[in-house]
Amino acid sequence: MNDKIRDAFDAVHADEALKQRTREYLGKTVYRRGGRRNTALRRLGPAMAAACLLLALCVGGAYLYFTPTAFISIDVNPSLELGVNCFDRIVTVEAYNEDGQALAGGLSVKNLDYREALEQILADQDVEVYMTEGILSLTVAGENEDQCAEIYQAMENCASEHRNVRCHAGSSDTIEEAHSEGMSVGKYQAYLILLELDPDTTVEQVQNMSMYEIYQLIYTYAREQGIEPPIGGWHEHSGHGYGHGDD
């Protein structure tokens, strides 16, 4: 294992539950009991087989650990996104505007459980100021619906203790598209809603808006067109469950 991977793993204080989930995940995806891979390993002899399995653990474990399987967008005026791996740990922190870069620079959330990371971010003094003055949007998106549902519930629990926080379930289909446009999934999803109401809206315009400004425009355009705002009560915390309600 190279120094970079070893150093990264040394920084992770994994509890027994995390270690067990790692072993189970690798058992399902890397070792595949009874398959050709194990037959080939047996032919190599015990020592070589052990070395190969150790290499598979290092390479496969590193890949699994550092690969995001879900994203949590945090948008208020700062816009940033947390990448969550299959073990519920934060492995990436990506900022999408200058305020987001400033906020990300003051955070130490990598390798934390996403619940701890959310609590730390929402308790940040600068974030609290933004929440007092506007709307903070939390959005989860990913391929694994079960994981996203659990993250959504955790977001709701955190949001219930703070004012002006909204939770959303994002579409995994928009992740790549959002990132290619230089936006978090949450902000891009709000842009798509606004675009439906005002086809002249551009990505560049939305990139420089706070979530409060975006929601305000959505509410205004919907009222002018005599329809229900697609995001529901934009000034209130959402009480809907994952995959339902106001998105």
# chains A, B, ... in the order shown; residues from 1 in each chain; ligands from 1

call {"tool": "residues_around", "arguments": {"residues": "stretch 221-224 of chain A", "least_positions_apart": "4", "cutoff": "9 Å", "atoms": "only C-alpha atoms", "output": "PyMOL selection string"}}
result
chain A and resi 194+197-198+216-217+228-230

call {"tool": "select_by_dssp", "arguments": {"residues": "stretch 160-209 of chain A", "states": "strand (DSSP E or B)", "output": "list of chain:residue names"}}
result
A:Val165, A:Arg166, A:Cys167, A:His168, A:Ala169

call {"tool": "closest_residue", "arguments": {"among": "A:Ala102, A:Cys167, A:Val206, A:Ala159", "to": "A:Glu181", "atoms": "only C-alpha atoms"}}
result
A:Val206

call {"tool": "closest_residue", "arguments": {"among": "A:Val129, A:Leu112, A:Cys148, A:Met155", "to": "A:Val76", "atoms": "only C-alpha atoms"}}
result
A:Val129

call {"tool": "residues_around", "arguments": {"residues": "A:Ala178", "least_positions_apart": "5", "cutoff": "10 Å", "atoms": "only C-alpha atoms", "output": "list in words"}}
result
Asp173, Met183, Ser184, Val185, Gly186, Lys187, Tyr188, Gln189 and Tyr191 of chain A

call {"tool": "closest_residue", "arguments": {"among": "A:Ala62, A:Leu138, A:Val127, A:Ile121", "to": "A:Cys86", "atoms": "only C-alpha atoms"}}
result
A:Ala62

call {"tool": "closest_residue", "arguments": {"among": "A:Asp200, A:Glu213, A:Asp99, A:Glu119", "to": "A:Ala154", "atoms": "only C-alpha atoms"}}
result
A:Glu119

call {"tool": "closest_residue", "arguments": {"among": "A:Lys110, A:Arg89, A:Arg166, A:Arg115", "to": "A:Leu64", "atoms": "only C-alpha atoms"}}
result
A:Arg89

call {"tool": "residues_around", "arguments": {"residues": "A:Tyr114", "least_positions_apart": "4", "cutoff": "7 Å", "atoms": "only C-alpha atoms", "output": "PDB file with C-alpha atoms, in the first residue's frame"}}
result
ATOM      1  CA  VAL A  84     -20.437  10.054   1.610  1.00  0.00           C
ATOM      2  CA  ASP A  88     -21.398   6.537   5.892  1.00  0.00           C
ATOM      3  CA  ARG A  89     -18.122   8.453   6.181  1.00  0.00           C
ATOM      4  CA  ILE A  90     -17.344  11.818   4.576  1.00  0.00           C
ATOM      5  CA  LEU A 118     -23.960  17.696   9.638  1.00  0.00           C
TER       6      LEU A 118
END

call {"tool": "residues_around", "arguments": {"residues": "A:Ser137", "least_positions_apart": "2", "cutoff": "12 Å", "atoms": "only C-alpha atoms", "output": "PyMOL selection string"}}
result
chain A and resi 72-81+122+127+130-131+134-135+139-140+155-156+159+162-170+184-190+210-212+214-215+231+234-238+247

call {"tool": "write_last_selection", "arguments": {"atoms": "C-alpha atoms", "output": "PDB file, in the first residue's frame"}}
result
ATOM      1  CA  ILE A  72     -25.164  15.855   0.652  1.00  0.00           C
ATOM      2  CA  SER A  73     -25.556  19.366  -0.749  1.00  0.00           C
ATOM      3  CA  ILE A  74     -25.453  22.243   1.733  1.00  0.00           C
ATOM      4  CA  ASP A  75     -26.653  25.469   0.135  1.00  0.00           C
ATOM      5  CA  VAL A  76     -27.432  28.792   1.770  1.00  0.00           C
ATOM      6  CA  ASN A  77     -25.132  31.454   0.416  1.00  0.00           C
ATOM      7  CA  PRO A  78     -22.090  29.207   0.747  1.00  0.00           C
ATOM      8  CA  SER A  79     -22.604  26.207  -1.512  1.00  0.00           C
ATOM      9  CA  LEU A  80     -20.732  22.997  -0.851  1.00  0.00           C
ATOM     10  CA  GLU A  81     -21.215  19.267  -1.141  1.00  0.00           C
ATOM     11  CA  LEU A 122     -25.089  23.417  11.320  1.00  0.00           C
ATOM     12  CA  VAL A 127     -23.598  29.056   9.089  1.00  0.00           C
ATOM     13  CA  TYR A 130     -26.600  32.646   7.215  1.00  0.00           C
ATOM     14  CA  MET A 131     -29.537  30.610   8.551  1.00  0.00           C
ATOM     15  CA  GLY A 134     -31.889  33.268   4.851  1.00  0.00           C
ATOM     16  CA  ILE A 135     -32.721  29.672   3.943  1.00  0.00           C
ATOM     17  CA  THR A 139     -30.249  17.822  -0.354  1.00  0.00           C
ATOM     18  CA  VAL A 140     -29.230  14.167  -0.580  1.00  0.00           C
ATOM     19  CA  MET A 155     -30.937  15.548   7.817  1.00  0.00           C
ATOM     20  CA  GLU A 156     -34.513  15.969   9.024  1.00  0.00           C
ATOM     21  CA  ALA A 159     -32.892  20.360  10.677  1.00  0.00           C
ATOM     22  CA  HIS A 162     -32.561  24.769  13.585  1.00  0.00           C
ATOM     23  CA  ARG A 163     -34.644  27.509  11.973  1.00  0.00           C
ATOM     24  CA  ASN A 164     -34.879  28.119   8.233  1.00  0.00           C
ATOM     25  CA  VAL A 165     -33.567  24.729   7.148  1.00  0.00           C
ATOM     26  CA  ARG A 166     -35.177  22.727   4.364  1.00  0.00           C
ATOM     27  CA  CYS A 167     -34.498  19.098   3.404  1.00  0.00           C
ATOM     28  CA  HIS A 168     -34.797  17.669  -0.090  1.00  0.00           C
ATOM     29  CA  ALA A 169     -34.397  14.339  -1.868  1.00  0.00           C
ATOM     30  CA  GLY A 170     -32.382  14.880  -5.043  1.00  0.00           C
ATOM     31  CA  SER A 184     -24.184  21.324  -6.143  1.00  0.00           C
ATOM     32  CA  VAL A 185     -27.033  18.880  -6.704  1.00  0.00           C
ATOM     33  CA  GLY A 186     -29.283  20.852  -4.349  1.00  0.00           C
ATOM     34  CA  LYS A 187     -28.780  24.187  -6.035  1.00  0.00           C
ATOM     35  CA  TYR A 188     -29.058  22.660  -9.500  1.00  0.00           C
ATOM     36  CA  GLN A 189     -32.347  21.037  -8.559  1.00  0.00           C
ATOM     37  CA  ALA A 190     -33.686  24.433  -7.438  1.00  0.00           C
ATOM     38  CA  SER A 210     -28.503  32.564  -2.402  1.00  0.00           C
ATOM     39  CA  MET A 211     -31.072  29.839  -1.774  1.00  0.00           C
ATOM     40  CA  TYR A 212     -33.365  32.450  -0.203  1.00  0.00           C
ATOM     41  CA  ILE A 214     -33.959  31.351  -5.548  1.00  0.00           C
ATOM     42  CA  TYR A 215     -36.899  30.261  -3.397  1.00  0.00           C
ATOM     43  CA  ILE A 231     -41.306  23.649  -3.347  1.00  0.00           C
ATOM     44  CA  TRP A 234     -40.401  27.976   0.884  1.00  0.00           C
ATOM     45  CA  HIS A 235     -39.963  29.851   4.175  1.00  0.00           C
ATOM     46  CA  GLU A 236     -40.616  26.850   6.385  1.00  0.00           C
ATOM     47  CA  HIS A 237     -38.782  23.668   7.318  1.00  0.00           C
ATOM     48  CA  SER A 238     -39.989  20.705   5.272  1.00  0.00           C
ATOM     49  CA  ASP A 247     -39.444  18.506  -4.525  1.00  0.00           C
TER      50      ASP A 247
END

call {"tool": "select_by_dssp", "arguments": {"residues": "stretch 71-238 of chain A", "states": "alpha helix (DSSP H)", "output": "ChimeraX atom specification"}}
result
/A:98-105,114-122,125-133,145-159,175-180,185-197,203-207,211-224

call {"tool": "atom_distance", "arguments": {"atom1": "atom CA of A:Ser160", "atom2": "atom CA of A:Glu128"}}
result
14.0 Å

call {"tool": "closest_residue", "arguments": {"among": "A:Val203, A:Asn208, A:Thr132, A:Ser171", "to": "A:Glu98", "atoms": "only C-alpha atoms"}}
result
A:Asn208

call {"tool": "residues_around", "arguments": {"residues": "A:Tyr65", "least_positions_apart": "4", "cutoff": "8 Å", "atoms": "only C-alpha atoms", "output": "ChimeraX atom specification"}}
result
/A:61,85-87,91

call {"tool": "write_last_selection", "arguments": {"atoms": "C-alpha atoms", "output": "compact mmCIF listing (two decimals), in the first residue's frame"}}
result
# COMPACT_ATOMS: atom_id res chain seq x y z
CA GLY A 61 -10.78 -1.49 0.65
CA ASN A 85 -18.99 6.56 1.11
CA CYS A 86 -20.74 3.21 1.57
CA PHE A 87 -19.63 3.19 5.22
CA VAL A 91 -14.64 11.31 1.94

call {"tool": "atom_distance", "arguments": {"atom1": "atom CA of A:Glu94", "atom2": "atom CA of A:Leu82"}}
result
6.5 Å
